[in-house]
>>> print(open('work-v6.txt').read())   # compact mmCIF, C-alpha atoms
# COMPACT_ATOMS: atom_id res chain seq x y z
CA MET A 382 -11.69 42.61 15.86
CA PHE A 383 -12.90 38.98 15.57
CA PRO A 384 -14.95 39.47 12.32
CA ARG A 385 -11.99 41.32 10.73
CA PHE A 386 -9.73 38.34 11.55
CA LEU A 387 -12.18 35.95 9.85
CA ILE A 388 -12.31 38.14 6.75
CA LEU A 389 -8.50 38.24 6.52
CA LEU A 390 -8.27 34.47 7.04
CA ALA A 391 -10.86 33.78 4.32
CA ALA A 392 -9.01 36.10 1.90
CA ALA A 393 -5.68 34.40 2.61
CA LEU A 394 -7.11 30.93 2.05
CA SER A 395 -8.86 31.89 -1.17
CA GLY A 396 -5.58 33.21 -2.56
CA SER A 397 -3.58 30.08 -1.69
CA ALA A 398 -2.93 27.12 -3.95
CA ALA A 399 -5.71 24.53 -3.84
CA TRP A 400 -3.47 21.79 -2.47
CA ALA A 401 -2.48 24.01 0.47
CA GLN A 402 -6.09 24.27 1.64
CA GLN A 403 -6.65 20.52 1.84
CA ASN A 404 -5.10 18.51 4.65
CA MET A 405 -6.65 15.04 4.15
CA ASP A 406 -6.73 12.52 1.33
CA THR A 407 -7.91 8.99 0.59
CA TYR A 408 -6.29 6.79 -2.05
CA VAL A 409 -7.73 3.62 -3.61
CA GLY A 410 -5.40 1.74 -5.96
CA PHE A 411 -5.19 -1.64 -7.66
CA GLY A 412 -2.40 -3.74 -9.16
CA ASP A 413 -1.94 -7.11 -10.88
CA LEU A 414 1.45 -8.82 -10.75
CA ALA A 415 2.70 -11.98 -12.39
CA ASN A 416 3.22 -14.54 -9.63
CA ARG A 417 6.67 -16.10 -9.35
CA ALA A 418 7.25 -19.76 -8.51
CA TYR A 419 6.73 -20.29 -4.78
CA ALA A 420 9.17 -22.67 -3.06
CA ILE A 421 7.51 -24.54 -0.18
CA ASN A 422 9.60 -24.24 2.99
CA GLY A 423 11.56 -27.36 3.92
CA THR A 424 10.98 -29.08 0.56
CA SER A 425 12.30 -29.05 -2.97
CA LEU A 426 8.77 -28.47 -4.30
CA THR A 427 7.60 -25.31 -6.00
CA ALA A 428 4.03 -24.13 -6.51
CA GLU A 429 3.01 -22.23 -9.64
CA GLY A 430 0.23 -19.69 -10.04
CA SER A 431 -0.91 -17.05 -12.49
CA HIS A 432 -1.43 -13.56 -11.11
CA VAL A 433 -1.40 -11.65 -7.85
CA PHE A 434 -4.20 -9.10 -7.51
CA SER A 435 -3.49 -6.43 -4.93
CA SER A 436 -5.30 -3.38 -3.64
CA VAL A 437 -4.36 -0.48 -1.38
CA THR A 438 -6.66 1.81 0.58
CA ASP A 439 -4.67 4.65 2.09
CA PHE A 440 -5.71 7.53 4.36
CA GLY A 441 -3.52 10.59 4.85
CA TYR A 442 -3.72 13.51 7.27
CA GLN A 443 -1.35 16.48 7.03
CA LEU A 444 0.49 17.02 10.32
CA VAL A 445 2.85 19.87 9.48
CA ARG A 446 3.87 21.97 6.48
CA VAL A 447 7.19 23.73 6.03
CA GLY A 448 7.35 25.77 2.84
CA PRO A 449 6.12 23.61 -0.04
CA ALA A 450 6.93 20.32 1.78
CA SER A 451 4.50 18.64 4.18
CA VAL A 452 4.56 15.66 6.53
CA TRP A 453 1.47 13.46 6.71
CA LEU A 454 0.18 10.68 8.92
CA ASP A 455 -0.30 7.70 6.59
CA VAL A 456 -2.54 4.71 7.41
CA SER A 457 -2.80 1.84 4.89
CA GLN A 458 -4.92 -1.25 4.38
CA ILE A 459 -3.37 -3.60 1.82
CA PHE A 460 -4.72 -6.83 0.30
CA GLY A 461 -2.98 -9.40 -1.87
CA SER A 462 -5.09 -12.13 -3.46
CA PRO A 463 -3.31 -14.47 -5.91
CA ALA A 464 -4.88 -17.34 -7.78
CA ASP A 465 -4.63 -20.85 -6.34
CA LEU A 466 -1.12 -22.29 -6.51
CA GLN A 467 -0.70 -25.86 -7.71
CA THR A 468 2.10 -28.40 -7.19
CA SER A 469 2.78 -31.94 -8.36
CA LEU A 470 1.30 -33.18 -5.04
CA PRO A 471 -2.42 -33.43 -4.25
CA GLY A 472 -4.05 -30.33 -2.89
CA SER A 473 -3.55 -26.65 -3.48
CA GLY A 474 -2.84 -23.58 -1.40
CA ARG A 475 -3.36 -19.85 -1.42
CA THR A 476 -0.95 -17.12 -0.49
CA THR A 477 -3.51 -14.38 0.20
CA TRP A 478 -2.75 -11.78 2.82
CA GLN A 479 -4.12 -8.62 4.36
CA ALA A 480 -1.92 -6.09 6.09
CA TYR A 481 -2.29 -2.81 7.97
CA ALA A 482 0.42 -0.19 8.45
CA ALA A 483 0.74 3.29 9.95
CA GLY A 484 3.58 5.71 9.44
CA ALA A 485 4.64 8.98 7.85
CA ARG A 486 4.48 10.38 4.33
CA LEU A 487 6.75 13.20 3.11
CA ARG A 488 5.07 15.10 0.27
CA LEU A 489 6.73 17.60 -2.06
CA PRO A 490 4.80 19.33 -4.87
CA PHE A 491 6.52 20.28 -8.11
CA GLY A 492 4.62 22.33 -10.65
CA ARG A 493 0.95 23.14 -10.32
CA ARG A 494 -0.46 19.64 -10.74
CA PHE A 495 2.27 17.18 -9.77
CA SER A 496 3.54 16.12 -6.38
CA GLU A 497 5.80 13.29 -5.27
CA TYR A 498 5.98 11.54 -1.94
CA ALA A 499 7.93 9.00 0.06
CA LEU A 500 6.44 6.94 2.89
CA ALA A 501 7.52 4.55 5.62
CA GLY A 502 5.58 2.75 8.35
CA VAL A 503 5.15 -0.31 10.54
CA GLY A 504 2.23 -2.65 11.09
CA GLY A 505 1.15 -6.25 10.84
CA GLY A 506 -1.07 -8.62 8.97
CA LEU A 507 -2.56 -12.03 8.41
CA PHE A 508 -0.57 -14.04 5.85
CA HIS A 509 -1.34 -17.40 4.26
CA ALA A 510 1.55 -19.68 3.32
CA ILE A 511 1.63 -23.03 1.54
CA VAL A 512 2.78 -26.00 3.64
CA MET A 513 3.28 -29.72 3.03
CA ASN A 514 1.83 -32.11 5.59
CA GLY A 515 0.97 -35.73 6.32
CA ALA A 516 2.68 -39.10 5.85
CA SER A 517 1.02 -39.24 2.44
CA PRO A 518 2.11 -35.69 1.44
CA THR A 519 -0.43 -33.10 0.42
CA VAL A 520 -0.22 -29.33 0.31
CA SER A 521 -2.50 -26.92 2.12
CA THR A 522 -2.66 -23.37 3.45
CA GLU A 523 -1.41 -22.22 6.86
CA ARG A 524 -2.32 -18.86 8.43
CA THR A 525 0.23 -16.72 10.26
CA PHE A 526 0.07 -13.31 11.96
CA HIS A 527 3.27 -11.33 11.47
CA GLY A 528 4.64 -7.81 11.81
CA LEU A 529 5.89 -5.81 8.84
CA PHE A 530 7.83 -2.75 7.76
CA GLU A 531 6.55 -0.71 4.82
CA PHE A 532 8.36 1.81 2.62
CA GLY A 533 7.74 3.29 -0.81
CA GLY A 534 6.67 6.35 -2.73
CA GLY A 535 4.70 7.65 -5.64
CA ILE A 536 3.56 10.46 -7.91
CA ASP A 537 0.25 12.29 -7.71
CA PHE A 538 -1.26 14.07 -10.73
CA ARG A 539 -4.01 16.53 -9.78
CA LEU A 540 -6.86 16.63 -12.29
CA LEU A 541 -9.29 18.66 -10.19
CA ARG A 542 -9.00 20.44 -6.84
CA TRP A 543 -10.47 17.43 -5.03
CA PHE A 544 -9.41 14.56 -7.32
CA SER A 545 -6.12 13.15 -8.66
CA LEU A 546 -4.59 10.08 -10.29
CA ARG A 547 -1.82 8.38 -8.35
CA LEU A 548 0.91 5.85 -9.08
CA ASP A 549 2.05 4.22 -5.84
CA VAL A 550 4.87 1.69 -5.31
CA ARG A 551 5.47 0.19 -1.88
CA ASP A 552 7.43 -2.70 -0.44
CA LEU A 553 6.16 -4.69 2.54
CA VAL A 554 9.02 -6.46 4.33
CA THR A 555 7.83 -9.34 6.53
CA GLY A 556 8.64 -12.95 7.44
CA ASP A 557 10.11 -15.36 4.90
CA GLN A 558 7.65 -17.18 2.60
CA LEU A 559 4.56 -15.37 3.93
CA GLY A 560 2.46 -14.92 0.83
CA ALA A 561 5.42 -14.33 -1.50
CA PRO A 562 8.80 -15.86 -2.22
CA GLY A 563 11.33 -14.28 0.15
CA ARG A 564 10.54 -11.56 2.67
CA GLN A 565 9.30 -8.77 0.40
CA HIS A 566 5.98 -7.90 -1.22
CA VAL A 567 6.61 -5.23 -3.88
CA LEU A 568 3.27 -3.65 -4.81
CA PRO A 569 2.90 -1.16 -7.66
CA THR A 570 -0.67 0.12 -7.78
CA PHE A 571 -2.51 2.76 -9.79
CA GLY A 572 -5.70 4.49 -8.75
CA MET A 573 -7.57 7.57 -7.59
CA ALA A 574 -6.99 9.93 -4.68
CA PHE A 575 -9.65 12.18 -3.19
CA HIS A 576 -8.55 15.39 -1.44
CA TYR A 577 -10.60 17.23 1.17
>>> encode(input="work-v6.txt", output="structure tokens")
Amino acid sequence: MFPRFLILLAAALSGSAAWAQQNMDTYVGFGDLANRAYAINGTSLTAEGSHVFSSVTDFGYQLVRVGPASVWLDVSQIFGSPADLQTSLPGSGRTTWQAYAAGARLRLPFGRRFSEYALAGVGGGLFHAIVMNGASPTVSTERTFHGLFEFGGGIDFRLLRWFSLRLDVRDLVTGDQLGAPGRQHVLPTFGMAFHY
């Protein structure tokens, strides 16, 4: 009885679509955004920079599948690393940050090679903000730990059974002026996903 069950299970899996057999993935993506002028809190000063380099490392684990749709556990590690920002005052500051989030990803395949997904999660991170200090004003960097809410989505294009290209866009909503003007960090990234 037991060996027959294994034979039937192996036959069923071999006849399924490749994406249905794999319930874990890892995504590594990179992005480069033009940095907007950064207004320093409590002042009329703005700091200017060049580019924001960001990267996302994302791990997914399929929790449940209903028909073609599936729900995944999604755990992300996100870095933002802009160039130094300069003002008319002495000194400079950086608005780098690193954040971690965990949540859910809803995945829906369409066609044989494409799938789309939406994600949402919560987490926290270490953010660097630019501040002005001293009687003889200078600018510097201040570190802050803060919670965040993450949402976004993307498209996955499967090249091989275990490898795909992915376009991912996510928005990290956190405290005001923590590494970006306003409360939001919009991060489009492009990279590779490995399926296993």
>>> closest_residue(input="work-v6.txt", among="A:Pro518, A:Asp557, A:Trp543, A:Ala501", to="Met405 (chain A)", atoms="only C-alpha atoms")
A:Trp543
>>> closest_residue(input="work-v6.txt", among="A:Val437, A:Leu529, A:Gly461, A:Asn404", to="Asp549 (chain A)", atoms="all atoms listed in the file")
A:Val437
>>> residues_around(input="work-v6.txt", residues="region 440-447 of chain A", least_positions_apart="6", cutoff="12 Å", atoms="all atoms listed in the file", output="ChimeraX atom specification")
/A:400-410,453-459,481-490,498,500,574-577
>>> closest_residue(input="work-v6.txt", among="A:Ala480, A:Val554, A:Leu540, A:Val512", to="Asp439 (chain A)", atoms="all atoms listed in the file")
A:Ala480
>>> closest_residue(input="work-v6.txt", among="A:Ala510, A:Ala450, A:Met573, A:Leu568", to="Phe434 (chain A)", atoms="all atoms listed in the file")
A:Leu568
>>> atom_distance(input="work-v6.txt", atom1="CA of Leu548 (chain A)", atom2="CA of Gly492 (chain A)")
17.0 Å
>>> closest_residue(input="work-v6.txt", among="A:Leu507, A:Thr570, A:Gln565, A:Val452", to="Gly535 (chain A)", atoms="all atoms listed in the file")
A:Thr570
>>> atom_distance(input="work-v6.txt", atom1="CA of Gly412 (chain A)", atom2="CA of Glu523 (chain A)")
24.5 Å
>>> residues_around(input="work-v6.txt", residues="Asp552 (chain A)", least_positions_apart="4", cutoff="8 Å", atoms="all atoms listed in the file", output="ChimeraX atom specification")
/A:531-533,565-568
>>> write_last_selection(input="work-v6.txt", atoms="C-alpha atoms", output="PDB file, in the coordinates of the input")
ATOM      1  CA  GLU A 531       6.550  -0.710   4.820  1.00  0.00           C
ATOM      2  CA  PHE A 532       8.360   1.810   2.620  1.00  0.00           C
ATOM      3  CA  GLY A 533       7.740   3.290  -0.810  1.00  0.00           C
ATOM      4  CA  GLN A 565       9.300  -8.770   0.400  1.00  0.00           C
ATOM      5  CA  HIS A 566       5.980  -7.900  -1.220  1.00  0.00           C
ATOM      6  CA  VAL A 567       6.610  -5.230  -3.880  1.00  0.00           C
ATOM      7  CA  LEU A 568       3.270  -3.650  -4.810  1.00  0.00           C
TER       8      LEU A 568
END
>>> atom_distance(input="work-v6.txt", atom1="CA of Arg524 (chain A)", atom2="CA of Val550 (chain A)")
25.7 Å
>>> axis_aligned_box(input="work-v6.txt", around="region 442-460 of chain A", padding_each_side="3 Å", output="AutoDock Vina command-line options")
--center_x 1.2 --center_y 9.5 --center_z 5.1 --size_x 18.3 --size_y 38.6 --size_z 16.4
>>> closest_residue(input="work-v6.txt", among="A:Ser436, A:Phe526, A:His509, A:Gly534", to="Gly572 (chain A)", atoms="all atoms listed in the file")
A:Ser436
